[in-house]
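File shown here: input-v7.cif, holding mmCIF, C-alpha atoms and all ligand atoms.
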data_protein
loop_
_atom_site.label_atom_id
_atom_site.label_comp_id
_atom_site.auth_asym_id
_atom_site.auth_seq_id
_atom_site.Cartn_x
_atom_site.Cartn_y
_atom_site.Cartn_z
CA MET A 171 9.63 20.23 -33.05
CA ASP A 172 6.99 20.11 -30.30
CA GLU A 173 9.03 21.42 -27.33
CA THR A 174 6.62 20.21 -24.65
CA ARG A 175 6.74 16.70 -26.00
CA SER A 176 10.53 16.63 -26.36
CA LYS A 177 11.02 17.76 -22.73
CA SER A 178 8.73 15.13 -21.26
CA GLU A 179 9.51 12.29 -23.64
CA GLY A 180 10.58 9.14 -21.81
CA LYS A 181 10.13 10.76 -18.39
CA GLU A 182 7.30 10.69 -15.87
CA THR A 183 6.23 14.23 -15.09
CA ASP A 184 4.80 15.32 -11.71
CA ASP A 185 1.34 15.51 -13.31
CA GLU A 186 1.53 11.83 -14.14
CA PHE A 187 2.01 10.98 -10.46
CA THR A 188 -1.37 12.51 -9.72
CA GLU A 189 -3.04 10.12 -12.16
CA ILE A 190 -2.86 6.82 -10.34
CA THR A 191 -5.32 3.99 -10.78
CA LEU A 192 -5.97 0.77 -8.86
CA ARG A 193 -6.69 -2.58 -10.51
CA PRO A 194 -6.46 -6.32 -9.67
CA ILE A 195 -2.99 -7.84 -9.99
CA GLU A 196 -2.13 -10.13 -12.93
CA LEU A 197 0.64 -12.66 -13.47
CA SER A 198 2.07 -10.35 -16.14
CA ASP A 199 2.78 -7.77 -13.39
CA VAL A 200 5.57 -9.98 -12.06
CA ASP A 201 8.51 -7.93 -13.35
CA ASP A 202 7.07 -4.72 -11.91
CA PHE A 203 6.24 -6.57 -8.67
CA MET A 204 9.92 -7.61 -8.42
CA GLU A 205 10.93 -3.93 -8.44
CA TRP A 206 9.54 -3.39 -4.93
CA ALA A 207 9.48 -6.94 -3.57
CA THR A 208 13.24 -7.45 -3.95
CA ASP A 209 14.13 -4.10 -2.36
CA GLU A 210 15.17 -4.19 1.32
CA LYS A 211 14.37 -0.49 1.71
CA VAL A 212 10.77 -1.38 0.88
CA SER A 213 10.45 -4.59 2.93
CA GLN A 214 12.20 -3.21 6.03
CA PHE A 215 9.00 -2.54 7.98
CA CYS A 216 6.92 -5.30 6.39
CA THR A 217 6.16 -8.74 7.82
CA TRP A 218 7.18 -10.49 4.58
CA ASP A 219 10.81 -11.24 3.71
CA THR A 220 12.49 -9.59 0.75
CA TYR A 221 11.90 -11.65 -2.41
CA THR A 222 14.93 -13.29 -4.00
CA SER A 223 13.56 -14.88 -7.19
CA LYS A 224 11.00 -14.40 -9.93
CA ASP A 225 9.60 -17.89 -9.27
CA GLN A 226 8.87 -16.90 -5.68
CA ALA A 227 7.08 -13.78 -6.92
CA LEU A 228 5.06 -15.75 -9.51
CA ASP A 229 4.05 -18.25 -6.83
CA TYR A 230 2.89 -15.46 -4.50
CA ILE A 231 0.94 -13.65 -7.24
CA LYS A 232 -0.71 -16.86 -8.47
CA ASN A 233 -1.50 -18.51 -5.13
CA ASN A 234 -2.08 -15.52 -2.87
CA ALA A 235 -2.37 -12.09 -4.46
CA ILE A 236 -4.81 -12.98 -7.26
CA LEU A 237 -6.98 -14.92 -4.76
CA HIS A 238 -6.89 -12.18 -2.09
CA PRO A 239 -10.34 -10.73 -1.29
CA TRP A 240 -9.19 -7.15 -2.02
CA LEU A 241 -5.69 -6.56 -3.35
CA ARG A 242 -5.05 -3.96 -6.02
CA VAL A 243 -1.91 -2.81 -7.76
CA ILE A 244 -1.27 0.93 -7.74
CA CYS A 245 -0.65 1.95 -11.35
CA ILE A 246 0.62 4.81 -13.43
CA LYS A 247 -0.61 4.36 -17.03
CA ASN A 248 -1.70 0.83 -16.09
CA ARG A 249 1.85 -0.14 -15.03
CA ALA A 250 2.11 -1.47 -11.47
CA ILE A 251 4.32 0.59 -9.15
CA GLY A 252 3.00 -0.73 -5.84
CA ALA A 253 0.12 -2.51 -4.17
CA ILE A 254 -2.60 -1.89 -1.61
CA SER A 255 -4.81 -4.41 0.17
CA VAL A 256 -7.70 -4.61 2.59
CA THR A 257 -7.82 -7.94 4.43
CA PRO A 258 -10.91 -8.98 6.40
CA ASN A 259 -10.43 -10.01 10.00
CA PRO A 260 -9.01 -13.56 9.66
CA GLY A 261 -11.59 -16.32 9.37
CA CYS A 262 -14.53 -13.97 8.98
CA LEU A 263 -15.30 -12.46 5.57
CA ASP A 264 -18.38 -10.81 7.03
CA SER A 265 -16.36 -9.04 9.68
CA CYS A 266 -16.97 -5.46 10.79
CA ARG A 267 -13.25 -4.77 10.56
CA ALA A 268 -10.44 -5.26 8.05
CA GLU A 269 -6.75 -4.41 7.84
CA LEU A 270 -5.16 -2.04 5.36
CA GLY A 271 -1.67 -2.61 3.93
CA TYR A 272 0.34 -0.96 1.16
CA VAL A 273 3.70 -0.88 -0.52
CA LEU A 274 5.31 1.30 -3.18
CA ALA A 275 8.46 0.97 -5.30
CA TYR A 276 11.21 3.14 -3.82
CA LYS A 277 11.67 5.48 -6.76
CA TYR A 278 8.07 6.72 -6.36
CA TRP A 279 8.23 7.54 -2.64
CA GLY A 280 7.41 11.03 -1.39
CA LYS A 281 5.07 12.07 -4.22
CA GLY A 282 1.77 11.60 -2.38
CA ILE A 283 0.97 8.40 -4.29
CA VAL A 284 0.12 6.09 -1.40
CA THR A 285 -1.92 8.79 0.36
CA LYS A 286 -4.04 9.00 -2.82
CA ALA A 287 -4.24 5.21 -3.09
CA VAL A 288 -5.39 4.92 0.54
CA LYS A 289 -8.18 7.44 -0.05
CA ILE A 290 -9.37 5.58 -3.16
CA ALA A 291 -9.18 2.19 -1.43
CA VAL A 292 -11.04 3.33 1.68
CA SER A 293 -13.84 5.04 -0.20
CA ASN A 294 -14.29 1.98 -2.46
CA ILE A 295 -14.15 -0.66 0.24
CA PHE A 296 -17.00 0.71 2.34
CA GLU A 297 -19.20 0.67 -0.77
CA GLU A 298 -18.14 -2.83 -1.78
CA TRP A 299 -18.41 -4.37 1.71
CA PRO A 300 -21.56 -2.94 3.34
CA ASN A 301 -20.95 -4.84 6.62
CA LEU A 302 -17.58 -3.21 7.11
CA ASP A 303 -17.44 -0.57 9.87
CA ARG A 304 -13.73 -0.15 10.43
CA VAL A 305 -10.48 -0.23 8.45
CA GLU A 306 -7.42 -0.51 10.67
CA ALA A 307 -3.70 -0.30 10.04
CA PHE A 308 -0.72 -1.35 12.14
CA VAL A 309 2.51 0.57 11.54
CA ASP A 310 5.96 0.01 13.03
CA VAL A 311 6.76 2.87 15.45
CA ASP A 312 9.84 3.72 13.34
CA ASN A 313 7.95 3.81 10.03
CA LYS A 314 7.27 7.54 10.08
CA GLY A 315 6.40 7.84 6.38
CA SER A 316 3.60 5.26 6.70
CA GLN A 317 2.21 6.92 9.84
CA ARG A 318 2.15 10.23 7.99
CA VAL A 319 0.24 8.67 5.06
CA LEU A 320 -2.53 7.55 7.41
CA GLU A 321 -2.67 10.90 9.21
CA LYS A 322 -2.89 12.70 5.84
CA ALA A 323 -5.77 10.47 4.75
CA GLY A 324 -7.73 11.15 7.95
CA PHE A 325 -7.11 8.00 9.99
CA LEU A 326 -7.19 8.28 13.78
CA LYS A 327 -4.08 7.24 15.71
CA GLU A 328 -5.44 5.13 18.56
CA GLY A 329 -2.26 4.20 20.38
CA VAL A 330 0.78 1.95 20.47
CA LEU A 331 0.54 -1.82 20.83
CA ARG A 332 3.68 -3.01 22.57
CA LYS A 333 5.63 -5.94 21.07
CA PHE A 334 2.64 -6.62 18.86
CA ARG A 335 4.11 -7.93 15.62
CA THR A 336 7.23 -9.84 14.57
CA ILE A 337 9.06 -8.02 11.79
CA LYS A 338 12.37 -9.39 10.52
CA ALA A 339 12.62 -11.66 13.57
CA ARG A 340 12.16 -8.82 16.08
CA SER A 341 9.07 -8.10 18.20
CA ARG A 342 8.00 -4.60 17.29
CA ASP A 343 5.84 -1.94 18.90
CA MET A 344 3.11 -0.99 16.42
CA VAL A 345 1.04 2.17 16.11
CA ILE A 346 -2.62 1.35 15.50
CA PHE A 347 -4.71 3.60 13.25
CA SER A 348 -8.36 3.32 12.29
CA PHE A 349 -10.88 4.78 9.89
CA LEU A 350 -14.60 4.17 10.35
CA SER A 351 -17.28 4.08 7.64
CA THR A 352 -18.73 7.21 9.28
CA ASP A 353 -15.41 9.11 9.23
CA VAL A 354 -14.60 11.68 6.56
CA LEU A 355 -11.58 11.35 4.27
CA PHE A 356 -9.36 14.46 4.19
CA GLU A 357 -9.29 16.42 0.91
C1 LIG B 401 5.43 4.28 3.58
C2 LIG B 401 5.09 4.43 2.12
C3 LIG B 401 3.92 3.54 1.80
C4 LIG B 401 4.74 5.89 1.82
O1 LIG B 401 4.30 6.05 0.49
P1 LIG B 401 4.45 7.46 -0.25
O2 LIG B 401 3.69 7.43 -1.52
O3 LIG B 401 5.89 7.80 -0.32
O4 LIG B 401 3.71 8.39 0.80
P2 LIG B 401 3.23 9.89 0.57
O5 LIG B 401 4.15 10.58 -0.39
O6 LIG B 401 1.78 9.86 0.24
O7 LIG B 401 3.39 10.50 2.02
C5 LIG B 401 4.56 10.27 2.78
C6 LIG B 401 4.64 11.28 3.90
O8 LIG B 401 5.56 10.81 4.89
C7 LIG B 401 6.57 11.77 5.09
N1 LIG B 401 7.77 11.03 5.46
C8 LIG B 401 8.45 10.15 4.73
N2 LIG B 401 9.49 9.68 5.45
C9 LIG B 401 9.43 10.29 6.66
C10 LIG B 401 10.24 10.23 7.84
N3 LIG B 401 11.30 9.42 7.91
N4 LIG B 401 9.88 11.01 8.89
C11 LIG B 401 8.80 11.79 8.83
N5 LIG B 401 7.99 11.91 7.74
C12 LIG B 401 8.32 11.15 6.66
C13 LIG B 401 6.66 12.50 3.77
O9 LIG B 401 7.30 13.74 3.93
C14 LIG B 401 5.17 12.63 3.43
O10 LIG B 401 4.54 13.60 4.24
P3 LIG B 401 4.23 15.10 3.70
O11 LIG B 401 3.36 14.95 2.48
O12 LIG B 401 3.52 15.75 4.84
O13 LIG B 401 5.56 15.72 3.38
C15 LIG B 401 6.27 4.03 1.19
O14 LIG B 401 7.38 4.72 1.66
C16 LIG B 401 6.55 2.54 1.23
O15 LIG B 401 6.09 1.80 0.36
N6 LIG B 401 7.35 2.08 2.19
C17 LIG B 401 7.73 0.67 2.29
C18 LIG B 401 6.57 -0.24 2.61
C19 LIG B 401 5.87 0.14 3.89
O16 LIG B 401 6.49 0.58 4.84
N7 LIG B 401 4.56 -0.08 3.88
C20 LIG B 401 3.72 0.23 5.02
C21 LIG B 401 3.78 -0.84 6.04
S1 LIG B 401 2.74 -0.35 7.42
#

In structure tokens, what does this structure look like?
Amino acid sequence: MDETRSKSEGKETDDEFTEITLRPIELSDVDDFMEWATDEKVSQFCTWDTYTSKDQALDYIKNNAILHPWLRVICIKNRAIGAISVTPNPGCLDSCRAELGYVLAYKYWGKGIVTKAVKIAVSNIFEEWPNLDRVEAFVDVDNKGSQRVLEKAGFLKEGVLRKFRTIKARSRDMVIFSFLSTDVLFE
């Protein structure tokens, strides 16, 4: 028997976590989408409310996510485990700035996956949108993991915006980070 194969069969090895890809979302991703969207640990620091039904998820994927100017699912072996988006400044597709957002299913946290996804997204977006000068991200002051992701990717922490965003019905202080087209992504 091939020992290597029998040990790894049915399991994701650490090597597999280094091989992430990004692709547009599809309706058939709905069951994987539900894995993170229905999890309160995941939605805690996000502006959206935790999903409670598959119909709600299908509606969001069909009427928002698929139509979004730049939303990609983060995949391992083409299976969606999270999502990352870059949203142009509202009302202005030609804007010099856009906002980064991301989310990952809980069981994949702490493996460097979103840091990798951020680096891929940022390097792609400046090529795809030549008028873009700045990608920014707003992170709840208590969301330390997300702040660390941005620091690891090479974003600059610019400060704290007080009572800037409503999250789960509370006004929250948000840390603002930015990355310019002229900045250099960390290795
Ligand atoms: C935040 C999130 C995107 C991070 O994704 P991830 O793939 O686990 O991130 P990475 O593994 O690339 O990096 C996480 C870093 O944060 C650190 N971290 C995690 N929790 C932390 C905490 N409570 N305090 C300090 N550091 C923390 C990790 O140790 C790691 O840093 P290290 O590599 O120096 O050890 C993921 O946890 C998530 O999806 N959270 C819910 C959704 C969310 O908050 N989205 C962002 C909204 S702004």

Near-stretch 276-284 of chain A list (8 Å; all atoms listed in the file; drop same-chain fewer than 3 positions) as an MDAnalysis selection string:
chainID A and resid 187:188 190 206 209 211:212 251 272:273 287:288 319

Quick one: residues within 7 Å of A:Ser351, only C-alpha atoms counted, chain neighbours fewer than 3 positions away excluded, as a list in words?
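What passes the distance filter is Phe296, Asp303 and Arg304 of chain A.
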
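With atom CA of A:Phe325 on one side and atom CA of A:Glu196 on the other, the separation reads 29.6 Å.
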
Quick one: axis-aligned box around all listed atoms of ligand LIG 401 (chain B), 6 Å on every side, centre and edge lengths in Å to one decimal, written as lines of an AutoDock Vina configuration file.
center_x = 6.5
center_y = 7.5
center_z = 3.7
size_x = 21.5
size_y = 28.6
size_z = 22.4

Find the residue from A:Arg335, A:His238, A:Arg193, A:Lys232 that sits nearest to ligand LIG 401 (chain B); use all atoms listed in the file when measuring.
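Using all atoms listed in the file, the shortest distance to ligand LIG 401 (chain B) belongs to A:Arg335.
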
For atom N5 of ligand LIG 401 (chain B) and atom CA of A:Trp240, quote the distance in Å rounded to one decimal.
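Atom-to-atom, atom N5 of ligand LIG 401 (chain B) to atom CA of A:Trp240, that is 27.5 Å.
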
When you look at A:Asn233 with a cut-off of 12 Å (counting only C-alpha atoms), what residues show up, excluding the ones that are within fewer than 6 positions of it in the same chain? I need them as a ChimeraX atom specification.
/A:195-197,225-227

Pick from A:Asp202, A:Asp229, A:Glu269, A:Asp219, whichever lies nearest to A:Val243 using only C-alpha atoms
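Between A:Asp202, A:Asp229, A:Glu269, A:Asp219, the residue approaching A:Val243 most closely is A:Asp202.
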
A:Ala323, A:Val200, A:Cys245, A:Ala250: which is nearest ligand LIG 401 (chain B), counting all atoms listed in the file?
A:Ala323

Between atom CA of A:Glu328 and atom CA of A:Met344, distance in Å (one decimal)
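Spanning atom CA of A:Glu328 to atom CA of A:Met344 is a straight-line distance of 10.7 Å.
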
Just want the 6 Å neighbourhood of A:Ser255, counted on all atoms listed in the file, with same-chain residues fewer than 2 positions away dropped. Output as an MDAnalysis selection string.
chainID A and resid 240:241 270:271

What lies within 9 Å of A:Thr208 using all atoms listed in the file, ignoring chain neighbours under 2 positions off, as a list of chain:residue names?
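Here the answer would be A:Phe203, A:Met204, A:Glu205, A:Trp206, A:Glu210, A:Val212, A:Ser213, A:Asp219, A:Thr220, A:Tyr221, A:Thr222, A:Ser223.
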
Give the answer as one residue: which of A:Lys338, A:Pro194, A:Ala268, A:Gln214 has the shortest atom-to-atom distance to A:Ile236, using all atoms listed in the file?
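Selected residue with least distance to A:Ile236: A:Pro194.
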
Choose the residue, out of A:Asn313, A:Asn301, A:Asn248, A:Thr257, that has the smallest atom-to-atom separation from ligand LIG 401 (chain B); count all atoms listed in the file.
A:Asn313

Counting all atoms listed in the file, the residue of A:Asp343, A:Glu297, A:Asp353, A:Asp310 that sits nearest ligand LIG 401 (chain B)
A:Asp310
